Each structure stands twice: as structure tokens, then as C-alpha cells.
>>> print(open('upload_6.pdb').read())   # PDB, C-alpha atoms, pLDDT in the B column
MODEL        1
ATOM      1  CA  MET A   1       0.000   0.000   0.000  1.00 79.00           C
ATOM      2  CA  SER A   2       1.343   3.415  -0.969  1.00 91.00           C
ATOM      3  CA  ALA A   3       1.608   6.282   1.517  1.00 94.00           C
ATOM      4  CA  ARG A   4      -1.270   7.994  -0.297  1.00 93.00           C
ATOM      5  CA  ASP A   5      -3.512   4.948  -0.010  1.00 93.00           C
ATOM      6  CA  ALA A   6      -2.592   4.547   3.672  1.00 94.00           C
ATOM      7  CA  ILE A   7      -3.487   8.159   4.424  1.00 95.00           C
ATOM      8  CA  LEU A   8      -6.816   7.935   2.567  1.00 92.00           C
ATOM      9  CA  ALA A   9      -7.644   4.655   4.316  1.00 93.00           C
ATOM     10  CA  ARG A  10      -7.068   6.227   7.730  1.00 93.00           C
ATOM     11  CA  LEU A  11      -9.216   9.205   6.805  1.00 92.00           C
ATOM     12  CA  ARG A  12     -12.064   6.933   5.761  1.00 91.00           C
ATOM     13  CA  THR A  13     -11.721   4.858   8.944  1.00 92.00           C
ATOM     14  CA  ASN A  14     -11.820   7.930  11.193  1.00 92.00           C
ATOM     15  CA  ARG A  15     -14.550   9.785   9.361  1.00 87.00           C
ATOM     16  CA  PRO A  16     -17.353  10.682  11.789  1.00 88.00           C
ATOM     17  CA  ALA A  17     -20.584   8.779  11.268  1.00 87.00           C
ATOM     18  CA  GLY A  18     -23.698  10.603  10.150  1.00 88.00           C
ATOM     19  CA  ASP A  19     -24.725  13.101   7.504  1.00 87.00           C
ATOM     20  CA  PHE A  20     -23.216  16.573   7.514  1.00 86.00           C
ATOM     21  CA  PRO A  21     -25.073  18.686   4.959  1.00 86.00           C
ATOM     22  CA  LEU A  22     -23.523  21.915   3.769  1.00 81.00           C
ATOM     23  CA  PRO A  23     -25.131  25.108   5.061  1.00 86.00           C
ATOM     24  CA  GLU A  24     -27.885  26.541   2.903  1.00 86.00           C
ATOM     25  CA  VAL A  25     -26.698  29.304   0.599  1.00 82.00           C
ATOM     26  CA  PRO A  26     -28.545  32.522   1.479  1.00 86.00           C
ATOM     27  CA  THR A  27     -30.279  34.646  -1.121  1.00 87.00           C
ATOM     28  CA  PHE A  28     -29.135  38.259  -1.187  1.00 89.00           C
ATOM     29  CA  ALA A  29     -30.732  41.144  -3.037  1.00 91.00           C
ATOM     30  CA  PRO A  30     -28.976  41.624  -6.404  1.00 91.00           C
ATOM     31  CA  LEU A  31     -26.438  44.436  -6.602  1.00 93.00           C
ATOM     32  CA  VAL A  32     -26.769  44.646 -10.371  1.00 94.00           C
ATOM     33  CA  GLY A  33     -29.512  45.600 -12.808  1.00 93.00           C
ATOM     34  CA  ASP A  34     -31.686  43.370 -14.945  1.00 94.00           C
ATOM     35  CA  ASP A  35     -29.418  43.547 -18.020  1.00 96.00           C
ATOM     36  CA  HIS A  36     -27.057  40.769 -17.005  1.00 97.00           C
ATOM     37  CA  VAL A  37     -24.993  40.962 -20.189  1.00 97.00           C
ATOM     38  CA  ALA A  38     -24.294  44.675 -19.702  1.00 97.00           C
ATOM     39  CA  GLU A  39     -23.484  44.213 -16.010  1.00 97.00           C
ATOM     40  CA  PHE A  40     -21.213  41.244 -16.754  1.00 97.00           C
ATOM     41  CA  THR A  41     -19.436  43.208 -19.506  1.00 97.00           C
ATOM     42  CA  GLU A  42     -18.813  46.201 -17.246  1.00 97.00           C
ATOM     43  CA  ARG A  43     -17.425  44.148 -14.374  1.00 96.00           C
ATOM     44  CA  LEU A  44     -15.237  41.938 -16.514  1.00 96.00           C
ATOM     45  CA  GLY A  45     -13.838  45.078 -18.131  1.00 95.00           C
ATOM     46  CA  LYS A  46     -12.882  46.446 -14.720  1.00 93.00           C
ATOM     47  CA  MET A  47     -10.937  43.238 -14.103  1.00 92.00           C
ATOM     48  CA  GLY A  48      -8.964  43.563 -17.334  1.00 92.00           C
ATOM     49  CA  GLY A  49     -11.047  41.230 -19.494  1.00 94.00           C
ATOM     50  CA  ARG A  50     -13.171  42.026 -22.501  1.00 94.00           C
ATOM     51  CA  VAL A  51     -16.481  40.912 -23.973  1.00 96.00           C
ATOM     52  CA  GLU A  52     -17.080  40.575 -27.688  1.00 94.00           C
ATOM     53  CA  ARG A  53     -20.153  39.470 -29.559  1.00 91.00           C
ATOM     54  CA  ALA A  54     -19.904  36.639 -32.038  1.00 89.00           C
ATOM     55  CA  GLY A  55     -19.543  37.554 -35.683  1.00 86.00           C
ATOM     56  CA  PRO A  56     -21.872  36.412 -38.474  1.00 86.00           C
ATOM     57  CA  ALA A  57     -23.052  32.809 -38.581  1.00 82.00           C
ATOM     58  CA  SER A  58     -20.569  32.123 -41.367  1.00 81.00           C
ATOM     59  CA  ASP A  59     -17.652  32.980 -39.043  1.00 86.00           C
ATOM     60  CA  PRO A  60     -18.657  33.774 -35.440  1.00 89.00           C
ATOM     61  CA  PHE A  61     -14.952  33.893 -34.480  1.00 89.00           C
ATOM     62  CA  ALA A  62     -14.031  36.600 -37.006  1.00 88.00           C
ATOM     63  CA  THR A  63     -13.280  39.286 -34.413  1.00 82.00           C
ATOM     64  CA  VAL A  64     -11.046  37.170 -32.187  1.00 83.00           C
ATOM     65  CA  ARG A  65      -9.450  35.415 -35.161  1.00 83.00           C
ATOM     66  CA  SER A  66      -8.152  38.735 -36.477  1.00 85.00           C
ATOM     67  CA  ARG A  67      -6.658  39.653 -33.081  1.00 85.00           C
ATOM     68  CA  PHE A  68      -4.720  36.399 -32.795  1.00 88.00           C
ATOM     69  CA  ASP A  69      -3.845  35.944 -36.437  1.00 85.00           C
ATOM     70  CA  GLY A  70      -0.188  35.213 -35.626  1.00 87.00           C
ATOM     71  CA  ALA A  71      -0.869  32.521 -33.028  1.00 91.00           C
ATOM     72  CA  ARG A  72       1.129  29.354 -33.724  1.00 93.00           C
ATOM     73  CA  VAL A  73      -0.306  26.940 -31.137  1.00 94.00           C
ATOM     74  CA  ILE A  74      -4.065  26.958 -30.585  1.00 94.00           C
ATOM     75  CA  ALA A  75      -5.712  24.520 -28.185  1.00 95.00           C
ATOM     76  CA  SER A  76      -9.467  24.212 -28.507  1.00 94.00           C
ATOM     77  CA  ALA A  77     -11.736  22.445 -26.028  1.00 95.00           C
ATOM     78  CA  VAL A  78     -14.874  23.239 -28.046  1.00 94.00           C
ATOM     79  CA  PRO A  79     -16.292  21.690 -31.215  1.00 92.00           C
ATOM     80  CA  GLU A  80     -17.096  25.117 -32.675  1.00 91.00           C
ATOM     81  CA  PHE A  81     -13.443  26.023 -33.237  1.00 91.00           C
ATOM     82  CA  ALA A  82     -10.625  23.834 -34.541  1.00 88.00           C
ATOM     83  CA  GLY A  83      -7.211  24.189 -32.923  1.00 90.00           C
ATOM     84  CA  ASN A  84      -3.906  22.567 -33.846  1.00 91.00           C
ATOM     85  CA  ARG A  85      -3.134  21.106 -30.403  1.00 93.00           C
ATOM     86  CA  ASP A  86      -5.208  18.053 -29.479  1.00 92.00           C
ATOM     87  CA  LEU A  87      -6.063  18.414 -25.791  1.00 94.00           C
ATOM     88  CA  ALA A  88      -7.235  14.801 -25.610  1.00 91.00           C
ATOM     89  CA  ALA A  89      -3.709  13.683 -26.505  1.00 92.00           C
ATOM     90  CA  VAL A  90      -1.966  15.709 -23.755  1.00 94.00           C
ATOM     91  CA  ARG A  91      -0.237  13.450 -21.214  1.00 92.00           C
ATOM     92  CA  LYS A  92       1.237  16.034 -18.803  1.00 93.00           C
ATOM     93  CA  PRO A  93      -0.251  19.405 -17.832  1.00 92.00           C
ATOM     94  CA  GLY A  94       3.077  21.135 -18.496  1.00 93.00           C
ATOM     95  CA  ASP A  95       2.931  20.076 -22.141  1.00 93.00           C
ATOM     96  CA  LEU A  96       0.595  23.033 -22.706  1.00 95.00           C
ATOM     97  CA  ALA A  97       3.225  25.641 -21.788  1.00 94.00           C
ATOM     98  CA  ASP A  98       3.659  26.608 -25.449  1.00 94.00           C
ATOM     99  CA  VAL A  99      -0.029  27.306 -26.144  1.00 95.00           C
ATOM    100  CA  ASP A 100      -0.603  30.776 -27.551  1.00 95.00           C
ATOM    101  CA  VAL A 101      -4.423  30.735 -27.559  1.00 95.00           C
ATOM    102  CA  ALA A 102      -6.877  28.427 -25.796  1.00 95.00           C
ATOM    103  CA  VAL A 103     -10.571  28.332 -26.663  1.00 96.00           C
ATOM    104  CA  VAL A 104     -12.924  26.948 -24.006  1.00 97.00           C
ATOM    105  CA  ARG A 105     -16.589  27.233 -23.080  1.00 97.00           C
ATOM    106  CA  ALA A 106     -17.754  28.409 -19.658  1.00 97.00           C
ATOM    107  CA  ARG A 107     -20.612  26.674 -17.856  1.00 96.00           C
ATOM    108  CA  PHE A 108     -21.969  30.071 -16.880  1.00 97.00           C
ATOM    109  CA  GLY A 109     -21.024  33.647 -16.087  1.00 97.00           C
ATOM    110  CA  VAL A 110     -21.761  35.824 -13.045  1.00 97.00           C
ATOM    111  CA  ALA A 111     -23.113  39.325 -13.719  1.00 97.00           C
ATOM    112  CA  GLU A 112     -22.137  40.727 -10.312  1.00 97.00           C
ATOM    113  CA  THR A 113     -18.439  39.820 -10.619  1.00 96.00           C
ATOM    114  CA  GLY A 114     -17.721  39.273 -14.314  1.00 97.00           C
ATOM    115  CA  SER A 115     -16.607  35.727 -13.508  1.00 97.00           C
ATOM    116  CA  VAL A 116     -16.901  32.580 -15.618  1.00 97.00           C
ATOM    117  CA  LEU A 117     -16.937  28.991 -14.361  1.00 97.00           C
ATOM    118  CA  PHE A 118     -15.026  26.053 -15.842  1.00 96.00           C
ATOM    119  CA  THR A 119     -15.051  22.394 -14.861  1.00 95.00           C
ATOM    120  CA  GLN A 120     -12.571  19.694 -15.807  1.00 94.00           C
ATOM    121  CA  ASP A 121     -14.975  18.605 -18.548  1.00 94.00           C
ATOM    122  CA  ASP A 122     -14.947  22.081 -20.083  1.00 95.00           C
ATOM    123  CA  LEU A 123     -11.157  22.419 -20.018  1.00 96.00           C
ATOM    124  CA  ILE A 124     -10.256  18.771 -20.859  1.00 95.00           C
ATOM    125  CA  VAL A 125      -6.827  19.555 -19.351  1.00 96.00           C
ATOM    126  CA  ASN A 126      -7.142  21.936 -16.391  1.00 95.00           C
ATOM    127  CA  SER A 127      -3.772  23.616 -16.962  1.00 95.00           C
ATOM    128  CA  VAL A 128      -4.836  25.042 -20.324  1.00 96.00           C
ATOM    129  CA  ALA A 129      -6.709  27.816 -18.494  1.00 95.00           C
ATOM    130  CA  TYR A 130      -3.458  28.907 -16.815  1.00 94.00           C
ATOM    131  CA  LEU A 131      -0.620  28.125 -19.216  1.00 94.00           C
ATOM    132  CA  ALA A 132      -2.101  29.581 -22.417  1.00 95.00           C
ATOM    133  CA  GLN A 133      -1.025  33.119 -23.245  1.00 94.00           C
ATOM    134  CA  HIS A 134      -4.546  34.156 -24.241  1.00 94.00           C
ATOM    135  CA  LEU A 135      -7.889  32.638 -23.269  1.00 96.00           C
ATOM    136  CA  ILE A 136     -11.017  32.884 -25.404  1.00 95.00           C
ATOM    137  CA  VAL A 137     -14.125  31.898 -23.462  1.00 97.00           C
ATOM    138  CA  LEU A 138     -17.384  31.054 -25.192  1.00 96.00           C
ATOM    139  CA  LEU A 139     -20.381  32.066 -23.113  1.00 97.00           C
ATOM    140  CA  ASP A 140     -24.075  31.824 -23.908  1.00 96.00           C
ATOM    141  CA  PRO A 141     -25.692  35.120 -22.752  1.00 97.00           C
ATOM    142  CA  ALA A 142     -28.572  33.041 -21.361  1.00 96.00           C
ATOM    143  CA  ASP A 143     -26.083  31.361 -18.995  1.00 96.00           C
ATOM    144  CA  ILE A 144     -25.254  34.523 -17.031  1.00 97.00           C
ATOM    145  CA  VAL A 145     -26.573  34.359 -13.463  1.00 96.00           C
ATOM    146  CA  VAL A 146     -27.109  37.401 -11.288  1.00 96.00           C
ATOM    147  CA  ASN A 147     -24.624  36.822  -8.441  1.00 96.00           C
ATOM    148  CA  ILE A 148     -22.333  34.354  -6.676  1.00 94.00           C
ATOM    149  CA  GLN A 149     -25.144  33.048  -4.469  1.00 93.00           C
ATOM    150  CA  ALA A 150     -27.119  32.121  -7.590  1.00 93.00           C
ATOM    151  CA  ALA A 151     -23.986  30.503  -8.998  1.00 94.00           C
ATOM    152  CA  TYR A 152     -23.506  28.303  -5.931  1.00 91.00           C
ATOM    153  CA  LYS A 153     -27.101  27.110  -6.190  1.00 90.00           C
ATOM    154  CA  ARG A 154     -26.445  25.632  -9.623  1.00 91.00           C
ATOM    155  CA  PRO A 155     -25.721  21.883  -9.746  1.00 89.00           C
ATOM    156  CA  ASP A 156     -22.346  22.314 -11.455  1.00 88.00           C
ATOM    157  CA  PHE A 157     -20.409  22.398  -8.174  1.00 83.00           C
ATOM    158  CA  ALA A 158     -21.986  19.217  -6.815  1.00 81.00           C
ATOM    159  CA  LEU A 159     -21.672  17.228 -10.024  1.00 88.00           C
ATOM    160  CA  THR A 160     -17.989  17.777 -10.760  1.00 90.00           C
ATOM    161  CA  ALA A 161     -14.691  17.043  -9.051  1.00 89.00           C
ATOM    162  CA  TYR A 162     -13.102  20.296 -10.254  1.00 93.00           C
ATOM    163  CA  ALA A 163     -14.691  23.704 -10.729  1.00 94.00           C
ATOM    164  CA  VAL A 164     -12.984  27.079 -10.891  1.00 94.00           C
ATOM    165  CA  LEU A 165     -14.191  30.660 -11.267  1.00 95.00           C
ATOM    166  CA  HIS A 166     -12.043  32.972 -13.410  1.00 94.00           C
ATOM    167  CA  THR A 167     -12.449  36.728 -13.287  1.00 93.00           C
ATOM    168  CA  GLY A 168     -10.394  38.358 -16.011  1.00 90.00           C
ATOM    169  CA  PRO A 169      -6.774  37.622 -16.919  1.00 90.00           C
ATOM    170  CA  SER A 170      -4.018  36.997 -14.407  1.00 86.00           C
ATOM    171  CA  ALA A 171      -3.083  40.155 -12.504  1.00 84.00           C
ATOM    172  CA  THR A 172      -0.824  41.327  -9.706  1.00 82.00           C
ATOM    173  CA  ALA A 173      -0.030  44.699  -8.130  1.00 80.00           C
ATOM    174  CA  ASP A 174       2.536  43.459  -5.603  1.00 78.00           C
ATOM    175  CA  ILE A 175       5.478  45.171  -7.305  1.00 74.00           C
ATOM    176  CA  GLU A 176       5.466  48.835  -6.289  1.00 76.00           C
ATOM    177  CA  GLY A 177       1.673  48.927  -6.595  1.00 77.00           C
ATOM    178  CA  VAL A 178       1.797  48.690 -10.397  1.00 82.00           C
ATOM    179  CA  LEU A 179      -0.965  46.555 -11.926  1.00 80.00           C
ATOM    180  CA  ILE A 180       0.449  43.939 -14.284  1.00 81.00           C
ATOM    181  CA  HIS A 181      -1.645  41.490 -16.286  1.00 77.00           C
ATOM    182  CA  GLY A 182      -0.329  38.095 -17.282  1.00 74.00           C
ATOM    183  CA  ALA A 183       2.323  37.817 -14.600  1.00 75.00           C
ATOM    184  CA  GLN A 184       1.222  34.379 -13.358  1.00 80.00           C
ATOM    185  CA  GLY A 185      -1.311  33.197 -15.909  1.00 85.00           C
ATOM    186  CA  VAL A 186      -3.124  34.190 -19.075  1.00 92.00           C
ATOM    187  CA  ARG A 187      -2.247  37.615 -20.440  1.00 92.00           C
ATOM    188  CA  SER A 188      -5.722  38.260 -21.808  1.00 93.00           C
ATOM    189  CA  LEU A 189      -9.193  36.837 -21.320  1.00 95.00           C
ATOM    190  CA  THR A 190     -11.834  37.483 -23.973  1.00 95.00           C
ATOM    191  CA  VAL A 191     -15.412  36.340 -23.494  1.00 96.00           C
ATOM    192  CA  LEU A 192     -17.152  35.701 -26.796  1.00 96.00           C
ATOM    193  CA  LEU A 193     -20.931  35.800 -26.449  1.00 96.00           C
ATOM    194  CA  LEU A 194     -21.979  32.787 -28.495  1.00 93.00           C
ATOM    195  CA  GLN A 195     -25.208  30.894 -27.989  1.00 90.00           C
ATOM    196  CA  ARG A 196     -24.804  27.271 -26.948  1.00 86.00           C
ATOM    197  CA  LYS A 197     -25.927  24.844 -29.628  1.00 80.00           C
ATOM    198  CA  LYS A 198     -29.046  22.938 -28.684  1.00 72.00           C
ATOM    199  CA  GLN A 199     -28.612  19.206 -28.161  1.00 59.00           C
ATOM    200  CA  ALA A 200     -30.454  17.058 -30.655  1.00 51.00           C
ATOM    201  CA  ALA A 201     -33.395  15.191 -29.091  1.00 50.00           C
TER     202      ALA A 201
ENDMDL
END
>>> encode(input="upload_6.pdb", output="C-alpha cells")
Amino acid sequence: MSARDAILARLRTNRPAGDFPLPEVPTFAPLVGDDHVAEFTERLGKMGGRVERAGPASDPFATVRSRFDGARVIASAVPEFAGNRDLAAVRKPGDLADVDVAVVRARFGVAETGSVLFTQDDLIVNSVAYLAQHLIVLLDPADIVVNIQAAYKRPDFALTAYAVLHTGPSATADIEGVLIHGAQGVRSLTVLLLQRKKQAA
């Protein structure tokens, strides 16, 4: 038995008996208006991110494609956009260190904070959301909830082993109080408002 297995076995043996439900998430009055897309756009902008609307049906990625025209390595976790790095073939998270642009879809967005939520199923390889230079996030406008309390009431957190909220690109102001984006993660985060395709019945 490995040290890991021994530790987990002891934890299971010493786990207290009984059910211990999580506390109920309270409902707070919204701090944003009814236009969730506008509120989300404003707050994400304050955090250094940007929101763009999808282009025409013939090429919904036209706007972001032109911005990243020189990208050499593109990793896509969505069927709507073809990349040249197969995430399903990645064996080690660090293998994505050379990714210029990653395209992923968020489960939902949060109007009050400008955040988007990813799970391990959305990212395929979790590290792509941190090692890519630029992150393009597909988000259906209908999937924007009003606040964090509403977000926590969604089933996504209970049904997945990994869930993470991102709010804009990486940022730090530790060095002489100067705000720097991309110091420890993605240099830019662009949310592309693109309706989720309906599943065939």
C-alpha cells in the first residue's frame, strides 16, 4: 500500500458517522440591474477582461481570429473552433506551456463579478486555463446568473470534481503597486458571447 492509499484509508476509517449537509446558501438582493450581459461586460472590463459578440453565422470567431492571427499553437476544447493542439492527446499538464491561444466554453457567467466557471470537462486539461497566453471563453448570454449566491445554487459544483471561477486575466499589483496582467497566468481573457448549440433530441 502506498503512503497515499494509507493516508486515505485512515481518513475513511476515522470519518465521523452521520450526515453533515452543507449550510444553505442565502439569497441576497442583487447588486446589479436586470441587463445581465451589460453588467457582466462592465465588471469583466474592470478586471482587465473584454467581452465581444460573435460575428456572423458564417464565421462567429471573425473578431477574435483577427486579433490572434499570428498565433502558432491553438488549443481548442470546443467543437465550434478547430485548434492545432489536441487536448485529448496531452499526457502532462506542463505540455501546454507553449499554447498561444486556448478556446474553451464556460458553464456560466456571473453578472455581479464578471466571472466565468469552468469544470474539468470544459477544459479537458485543467492547466490550459493557466498556461495559455490568451484565453477565449465562449459564453451563452442566457447562462449569465445574477450573483455568486445564484452561482452556488447551480448543480455544477456538486456534479464535478473540479470547478474554478475565473475573473479576467491573471493580474498582480505586488510590485510597487503597479498593476500587471499576465504575470502568473493568461495575459488576456476574452469572453465571446456565443449561444450554446441545442442538443439534438
>>> closest_residue(input="upload_6.pdb", among="A:Gly114, A:Arg12, A:His36, A:Asp121", to="Ala161 in chain A", atoms="only C-alpha atoms")
A:Asp121
>>> residues_around(input="upload_6.pdb", residues="range 38-40 of chain A", least_positions_apart="5", cutoff="7 Å", atoms="all atoms listed in the file", output="NGL selection string")
:A and (32-33 or 110-114)
>>> residues_around(input="upload_6.pdb", residues="Leu189 in chain A", least_positions_apart="2", cutoff="8 Å", atoms="all atoms listed in the file", output="list in words")
Gly48, Gly49, Arg50, His134, Leu135, Ile136, Val137, Gly168, Pro169, Val186, Arg187 and Val191 of chain A
>>> resolve_selection(input="upload_6.pdb", expression="the PyMOL selection byres ((chain A and resi 63) around 12)", output="list in words")
Val51, Glu52, Arg53, Ala54, Gly55, Pro56, Asp59, Pro60, Phe61, Ala62, Val64, Arg65, Ser66, Arg67, Phe68, Asp69, Ile136, Thr190, Val191, Leu192 and Leu193 of chain A
>>> resolve_selection(input="upload_6.pdb", expression="the PyMOL selection byres ((chain A and resi 73) around 8)", output="ChimeraX atom specification")
/A:71-72,74-75,83-85,98-101
>>> residues_around(input="upload_6.pdb", residues="Ala97 in chain A", least_positions_apart="6", cutoff="9 Å", atoms="only C-alpha atoms", output="ChimeraX atom specification")
/A:127-128,130-133
>>> closest_residue(input="upload_6.pdb", among="A:Glu80, A:Val104, A:Leu123, A:Val146", to="Ser58 in chain A", atoms="all atoms listed in the file")
A:Glu80
>>> closest_residue(input="upload_6.pdb", among="A:Arg91, A:Lys153, A:Arg196, A:Arg43", to="Ala106 in chain A", atoms="only C-alpha atoms")
A:Arg196
>>> atom_distance(input="upload_6.pdb", atom1="CA of Leu87 in chain A", atom2="CA of Pro141 in chain A")
26.0 Å
>>> atom_distance(input="upload_6.pdb", atom1="CA of Gly70 in chain A", atom2="CA of Leu96 in chain A")
17.8 Å
>>> atom_distance(input="upload_6.pdb", atom1="CA of Thr27 in chain A", atom2="CA of Ala163 in chain A")
21.3 Å
>>> resolve_selection(input="upload_6.pdb", expression="the PyMOL selection byres ((chain A and resi 171) around 8)", output="number ranges by chain")
A: 169-170, 172-173, 179-185
>>> write_last_selection(input="upload_6.pdb", atoms="C-alpha atoms", output="short mmCIF file (atom, residue, chain, number, x, y, z; two decimals), in the coordinates of the input")
data_model
loop_
_atom_site.label_atom_id
_atom_site.label_comp_id
_atom_site.auth_asym_id
_atom_site.auth_seq_id
_atom_site.Cartn_x
_atom_site.Cartn_y
_atom_site.Cartn_z
CA PRO A 169 -6.77 37.62 -16.92
CA SER A 170 -4.02 37.00 -14.41
CA THR A 172 -0.82 41.33 -9.71
CA ALA A 173 -0.03 44.70 -8.13
CA LEU A 179 -0.96 46.56 -11.93
CA ILE A 180 0.45 43.94 -14.28
CA HIS A 181 -1.64 41.49 -16.29
CA GLY A 182 -0.33 38.10 -17.28
CA ALA A 183 2.32 37.82 -14.60
CA GLN A 184 1.22 34.38 -13.36
CA GLY A 185 -1.31 33.20 -15.91
#
>>> axis_aligned_box(input="upload_6.pdb", around="range 172-186 of chain A", padding_each_side="8 Å", output="lines of an AutoDock Vina configuration file")
center_x = 1.2
center_y = 41.1
center_z = -12.3
size_x = 24.6
size_y = 31.7
size_z = 29.5
>>> closest_residue(input="upload_6.pdb", among="A:Ser115, A:Asp95, A:Val125, A:Phe108", to="Glu42 in chain A", atoms="all atoms listed in the file")
A:Ser115
>>> build_atoms(input="upload_6.pdb", residues="range 91-100 of chain A", atoms="all heavy atoms", output="tab-separated table (two decimals), in the coordinates of the input")
chain	number	residue	atom	x	y	z
A	91	ARG	N	-0.54	14.40	-22.29
A	91	ARG	CA	-0.24	13.45	-21.21
A	91	ARG	C	0.16	14.13	-19.91
A	91	ARG	O	-0.10	13.63	-18.83
A	91	ARG	CB	0.89	12.50	-21.66
A	91	ARG	CG	0.47	11.60	-22.81
A	91	ARG	CD	-0.58	10.58	-22.36
A	91	ARG	NE	-1.19	9.89	-23.48
A	91	ARG	CZ	-2.40	10.14	-23.95
A	91	ARG	NH1	-3.12	11.10	-23.41
A	91	ARG	NH2	-2.91	9.46	-24.95
A	92	LYS	N	0.81	15.31	-20.00
A	92	LYS	CA	1.24	16.03	-18.80
A	92	LYS	C	0.75	17.47	-18.90
A	92	LYS	O	0.83	18.07	-19.97
A	92	LYS	CB	2.76	16.00	-18.68
A	92	LYS	CG	3.35	14.62	-18.47
A	92	LYS	CD	4.87	14.70	-18.29
A	92	LYS	CE	5.50	15.21	-19.57
A	92	LYS	NZ	6.99	15.24	-19.48
A	93	PRO	N	0.26	18.02	-17.79
A	93	PRO	CA	-0.25	19.40	-17.83
A	93	PRO	C	0.77	20.40	-18.38
A	93	PRO	O	0.40	21.32	-19.10
A	93	PRO	CB	-0.58	19.70	-16.36
A	93	PRO	CG	-0.86	18.36	-15.77
A	93	PRO	CD	0.07	17.40	-16.46
A	94	GLY	N	2.04	20.21	-18.05
A	94	GLY	CA	3.08	21.14	-18.50
A	94	GLY	C	3.30	21.14	-19.99
A	94	GLY	O	3.95	22.05	-20.53
A	95	ASP	N	2.77	20.13	-20.68
A	95	ASP	CA	2.93	20.08	-22.14
A	95	ASP	C	2.20	21.21	-22.84
A	95	ASP	O	2.39	21.42	-24.05
A	95	ASP	CB	2.42	18.73	-22.68
A	95	ASP	CG	3.31	17.56	-22.27
A	95	ASP	OD1	4.45	17.82	-21.83
A	95	ASP	OD2	2.85	16.41	-22.38
A	96	LEU	N	1.35	21.94	-22.11
A	96	LEU	CA	0.60	23.03	-22.71
A	96	LEU	C	1.27	24.39	-22.51
A	96	LEU	O	0.66	25.43	-22.78
A	96	LEU	CB	-0.82	23.06	-22.13
A	96	LEU	CG	-1.66	21.83	-22.44
A	96	LEU	CD1	-2.99	21.87	-21.71
A	96	LEU	CD2	-1.89	21.70	-23.94
A	97	ALA	N	2.52	24.38	-22.07
A	97	ALA	CA	3.22	25.64	-21.79
A	97	ALA	C	3.47	26.47	-23.05
A	97	ALA	O	3.73	27.67	-22.94
A	97	ALA	CB	4.55	25.35	-21.08
A	98	ASP	N	3.39	25.87	-24.22
A	98	ASP	CA	3.66	26.61	-25.45
A	98	ASP	C	2.39	27.07	-26.16
A	98	ASP	O	2.44	27.56	-27.29
A	98	ASP	CB	4.49	25.75	-26.41
A	98	ASP	CG	3.76	24.48	-26.84
A	98	ASP	OD1	2.77	24.12	-26.17
A	98	ASP	OD2	4.19	23.87	-27.84
A	99	VAL	N	1.24	26.93	-25.51
A	99	VAL	CA	-0.03	27.31	-26.14
A	99	VAL	C	-0.16	28.83	-26.20
A	99	VAL	O	-0.03	29.52	-25.18
A	99	VAL	CB	-1.23	26.69	-25.39
A	99	VAL	CG1	-2.54	27.24	-25.93
A	99	VAL	CG2	-1.20	25.17	-25.50
A	100	ASP	N	-0.40	29.34	-27.39
A	100	ASP	CA	-0.60	30.78	-27.55
A	100	ASP	C	-2.05	31.17	-27.22
A	100	ASP	O	-2.28	32.15	-26.50
A	100	ASP	CB	-0.29	31.19	-29.00
A	100	ASP	CG	1.17	30.98	-29.35
A	100	ASP	OD1	2.02	31.47	-28.60
A	100	ASP	OD2	1.44	30.32	-30.37
